[in-house]
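Q: Okay, here's the structure, questions in a sec.
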Amino acid sequence: MKYISHEGGTLAFSETDKPVLKSHEVLVKVSAIGVNRADCMQRQGKYPAPTGDSPILGLECAGTVVELGFDVDKSWLNKRIFSLCAGGAYSEYVAIDAKQLMVLPDDLTMVEGAAISEVYLTAFGALFELGKLQQGQTALIHAGASGVGGAAIQMAKSAGATVVITAGSDEKCEHAKALGADHAINYKTTDFVEYMQANELLANAIVDPVSGSYLNKNAAIAAMDCQIIMLAFLDGRFAEVDFAALLRKRISFHASTLRNRSIEFKRQLRDDLVARFYNDIATKKYEFNVYKTLPWSDANEAHAILERNENAGKVVLLVE
């Protein structure tokens, strides 16, 4: 089968054998691939695949089930699906744990399906399972025009929360508002702490892929018992922390990644998302926030878009 290799940091087509299925897996013929920053980091040699996962790039896809492992329910055969992948999505075929599959509704395209799994599961886990966000509370979402940001905005609004986001341009702020954000702050022109204090806003849950200097700023506008969920550290690995501020407000700080979670954790997260938000997804209540679709032969350009921080939403590769 054809797949995209990343040796030397450059993406190029190569050939390999189809995956050999384990008893709990299905083989999916890939139609569309969601592109994530984790893919860029892996290509650069900074984020190797966990032991046992496919070394091929790609953490989410949409496609059609064409083969079943021995223990998989036969009803999955020929189903259109979208799913997380334990690597391997940048290929014609990928092996996926059957208990992480989600049925792709007929009204959703493969491109839309490829834009859902990683960002919605990440946002759901951050906002609701770790962040404990409730109706009537306030969520602060940094990088609000990203794929995860867009998913977080829409689910938080569905839950009846007030949503504040930060983004790096007026255009991205307008994009976030179109997705439902109540307040959108261009961090390049406005300090989000000053804005939130001026508008008497306190955050109950904060989703933060920036970290670094943001930690103390987050604490300044956190409500009592705030949950801060760090997803990445775009502002740097190290920062001085005012622990008195964290203690004073009883702030909980969570460092969370999805890729290196256990298969049992991912299955449960998938089940929890489906139970609460799948109907909203299936009925297209949400905008799936696709910034650009490219043929998978243009994978290098897809990565460049993310690395330039150009995109407002997801970049998806279409398998030809």
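Labels for the structure tokens follow display order: chains A, B, ..., residues from 1 in each chain, ligands from 1.
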Using only C-alpha atoms, find each residue in stretch 197-238 of chain A having at least one atom no more than 8 Å away from stretch 131-154 of chain A; report its shortest atom-to-atom pair and that distance in Å (one decimal), rows by chain then rising number, as a tab-separated table.

A:
residue	atom	partner	partner_atom	distance
A:Leu201	CA	A:Thr138	CA	7.7
A:Leu202	CA	A:Thr138	CA	6.8
A:Ala203	CA	A:Thr138	CA	5.0
A:Asn204	CA	A:Thr138	CA	5.4
A:Ala205	CA	A:Ala139	CA	4.9
A:Ile206	CA	A:Leu140	CA	4.7
A:Val207	CA	A:Ile141	CA	4.9
A:Asp208	CA	A:His142	CA	5.3
A:Pro209	CA	A:His142	CA	6.8
A:Val210	CA	A:His142	CA	7.2
A:Cys226	CA	A:Gly131	CA	8.0
A:Gln227	CA	A:Gly131	CA	5.1
A:Ile228	CA	A:Gly131	CA	7.0
A:Ile229	CA	A:Gly131	CA	6.9

Q: Please identify all polymer residues within 9 Å of stretch 257-265 of chain A, counting only C-alpha atoms, omitting same-chain residues fewer than 4 positions from it, and present them as a ChimeraX atom specification.

A: /A:38,49-50,59,86-87,97,100,118,121-122,125,230-232,269-270

Q: Could those selected residues go to a file with N, CA and C atoms, as a short mmCIF file (atom, residue, chain, number, x, y, z; two decimals), in the first residue's frame?

A:
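File written: selection28.cif
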data_model
loop_
_atom_site.label_atom_id
_atom_site.label_comp_id
_atom_site.auth_asym_id
_atom_site.auth_seq_id
_atom_site.Cartn_x
_atom_site.Cartn_y
_atom_site.Cartn_z
N ALA A 38 0.81 17.52 16.29
CA ALA A 38 1.58 16.34 16.69
C ALA A 38 2.25 15.68 15.49
N ALA A 49 6.43 8.12 18.05
CA ALA A 49 5.24 7.32 18.36
C ALA A 49 5.47 6.50 19.62
N PRO A 50 4.46 6.38 20.48
CA PRO A 50 4.58 5.52 21.66
C PRO A 50 4.88 4.08 21.24
N LEU A 59 -3.07 10.68 13.25
CA LEU A 59 -3.77 10.32 14.47
C LEU A 59 -5.29 10.32 14.32
N ALA A 86 -4.05 5.02 16.34
CA ALA A 86 -2.78 4.92 17.07
C ALA A 86 -1.65 5.05 16.05
N GLY A 87 -1.62 6.20 15.36
CA GLY A 87 -0.69 6.40 14.25
C GLY A 87 -1.19 5.67 13.01
N ASP A 97 -8.46 0.20 16.43
CA ASP A 97 -9.21 -0.48 17.47
C ASP A 97 -10.70 -0.26 17.24
N GLN A 100 -12.94 2.18 19.23
CA GLN A 100 -12.77 3.63 19.12
C GLN A 100 -13.45 4.19 17.88
N GLU A 118 -9.79 13.84 16.69
CA GLU A 118 -8.72 14.29 17.58
C GLU A 118 -9.11 15.57 18.33
N LEU A 121 -12.38 14.99 20.76
CA LEU A 121 -12.04 14.18 21.93
C LEU A 121 -11.08 14.93 22.85
N THR A 122 -10.11 15.66 22.29
CA THR A 122 -9.20 16.45 23.11
C THR A 122 -9.95 17.55 23.85
N GLY A 125 -12.34 16.04 26.57
CA GLY A 125 -11.61 15.59 27.74
C GLY A 125 -11.12 16.75 28.58
N MET A 230 -3.47 22.11 30.68
CA MET A 230 -2.38 22.42 29.76
C MET A 230 -2.28 21.31 28.71
N LEU A 231 -2.42 21.68 27.45
CA LEU A 231 -2.36 20.72 26.35
C LEU A 231 -1.03 20.75 25.61
N ALA A 232 -0.29 21.85 25.72
CA ALA A 232 1.00 21.99 25.05
C ALA A 232 1.72 23.17 25.69
N LEU A 269 -13.18 7.53 26.74
CA LEU A 269 -13.36 8.91 26.29
C LEU A 269 -14.27 8.95 25.07
N ARG A 270 -14.07 8.03 24.16
CA ARG A 270 -14.93 7.95 22.97
C ARG A 270 -16.37 7.69 23.38
#

Q: I need the strand (DSSP E or B) residues of stretch 39-214 of chain A per DSSP on the backbone, written as a PyMOL selection string.

A: chain A and resi 60-68+80-84+91+93-97+102-103+138-141+162-167+183-186+203-208

Q: As a VMD selection string, which residues of stretch 146-247 of chain A does DSSP assign to helix (DSSP H, G or I)?

A: chain A and resid 147 to 158 170 to 178 192 to 198 214 to 220 243 to 247

Q: Filtering to C-alpha atoms, could you give me those residues as a PDB file, in the first residue's frame?

A:
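The file below, part21.pdb, is the result:
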ATOM      1  CA  GLY A 147      -9.127  22.921  15.621  1.00  0.00           C
ATOM      2  CA  VAL A 148      -9.311  22.083  19.332  1.00  0.00           C
ATOM      3  CA  GLY A 149     -10.378  25.649  20.069  1.00  0.00           C
ATOM      4  CA  GLY A 150     -13.238  25.520  17.592  1.00  0.00           C
ATOM      5  CA  ALA A 151     -14.492  22.226  18.996  1.00  0.00           C
ATOM      6  CA  ALA A 152     -14.184  23.527  22.565  1.00  0.00           C
ATOM      7  CA  ILE A 153     -16.119  26.719  21.769  1.00  0.00           C
ATOM      8  CA  GLN A 154     -19.047  24.833  20.306  1.00  0.00           C
ATOM      9  CA  MET A 155     -19.306  22.138  22.975  1.00  0.00           C
ATOM     10  CA  ALA A 156     -18.960  24.719  25.763  1.00  0.00           C
ATOM     11  CA  LYS A 157     -21.811  26.753  24.262  1.00  0.00           C
ATOM     12  CA  SER A 158     -23.926  23.583  23.981  1.00  0.00           C
ATOM     13  CA  ASP A 170      -8.679  40.017  14.366  1.00  0.00           C
ATOM     14  CA  GLU A 171      -9.629  37.605  11.587  1.00  0.00           C
ATOM     15  CA  LYS A 172      -9.163  34.604  13.869  1.00  0.00           C
ATOM     16  CA  CYS A 173     -11.155  36.341  16.581  1.00  0.00           C
ATOM     17  CA  GLU A 174     -14.020  36.905  14.151  1.00  0.00           C
ATOM     18  CA  HIS A 175     -13.795  33.247  13.131  1.00  0.00           C
ATOM     19  CA  ALA A 176     -14.114  32.198  16.783  1.00  0.00           C
ATOM     20  CA  LYS A 177     -17.088  34.496  17.282  1.00  0.00           C
ATOM     21  CA  ALA A 178     -18.774  32.921  14.274  1.00  0.00           C
ATOM     22  CA  PHE A 192      -6.452  39.084  28.132  1.00  0.00           C
ATOM     23  CA  VAL A 193      -6.081  39.619  31.884  1.00  0.00           C
ATOM     24  CA  GLU A 194      -6.918  43.316  31.562  1.00  0.00           C
ATOM     25  CA  TYR A 195      -9.840  42.526  29.244  1.00  0.00           C
ATOM     26  CA  MET A 196     -11.334  39.915  31.543  1.00  0.00           C
ATOM     27  CA  GLN A 197     -10.918  42.080  34.635  1.00  0.00           C
ATOM     28  CA  ALA A 198     -12.513  45.052  32.863  1.00  0.00           C
ATOM     29  CA  TYR A 214       0.361  32.245  30.578  1.00  0.00           C
ATOM     30  CA  LEU A 215       0.255  30.228  33.803  1.00  0.00           C
ATOM     31  CA  ASN A 216       0.460  33.204  36.145  1.00  0.00           C
ATOM     32  CA  LYS A 217      -1.825  35.231  33.885  1.00  0.00           C
ATOM     33  CA  ASN A 218      -4.373  32.418  33.941  1.00  0.00           C
ATOM     34  CA  ALA A 219      -4.241  32.395  37.735  1.00  0.00           C
ATOM     35  CA  ALA A 220      -4.969  36.115  37.800  1.00  0.00           C
ATOM     36  CA  PHE A 243       2.206  29.188  43.930  1.00  0.00           C
ATOM     37  CA  ALA A 244       0.502  31.544  46.383  1.00  0.00           C
ATOM     38  CA  ALA A 245      -1.924  32.540  43.620  1.00  0.00           C
ATOM     39  CA  LEU A 246      -2.690  28.884  42.895  1.00  0.00           C
ATOM     40  CA  LEU A 247      -3.229  28.111  46.583  1.00  0.00           C
TER      41      LEU A 247
END

Q: List as a list of chain:residue names the protein and nucleic acid residues near A:Arg237, meaning an atom at most 8 Å away when only C-alpha atoms are counted, but skip any in the same chain fewer than 4 places from it.

A: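 The contact residues come out as A:Ser211, A:Gly212, A:Phe233.
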
Q: Given the selection you just returned, output its residues as a file containing C-alpha atoms, formatted as a PDB file, in the first residue's frame.

A:
ATOM      1  CA  SER A 211       1.566  27.638  28.940  1.00  0.00           C
ATOM      2  CA  GLY A 212       4.861  29.363  29.812  1.00  0.00           C
ATOM      3  CA  PHE A 233       3.674  24.592  25.755  1.00  0.00           C
TER       4      PHE A 233
END

Q: For stretch 73-85 of chain A, list every protein, DNA or RNA residue within 6 Å, evaluated using only C-alpha atoms, and leave out those in the same chain fewer than 5 positions away; present the list as a ChimeraX atom specification.

A: /A:59-66,96,101-104,113,117

Q: So that I can see what lies close to A:Cys40, please list as JSON, numbers by chain the residues with an atom at most 10 Å from it, counting only C-alpha atoms and leaving out residues fewer than 2 positions away in the same chain.

A: {"A": [6, 9, 35, 36, 37, 38, 42, 43, 44, 45, 46, 47, 57, 58, 300, 302, 303, 304, 306, 307]}

Q: For A:Lys2, which residue among A:Asp191, A:Glu129, A:Asp182, A:Glu15 is the nearest when counting only C-alpha atoms?

A: A:Glu15
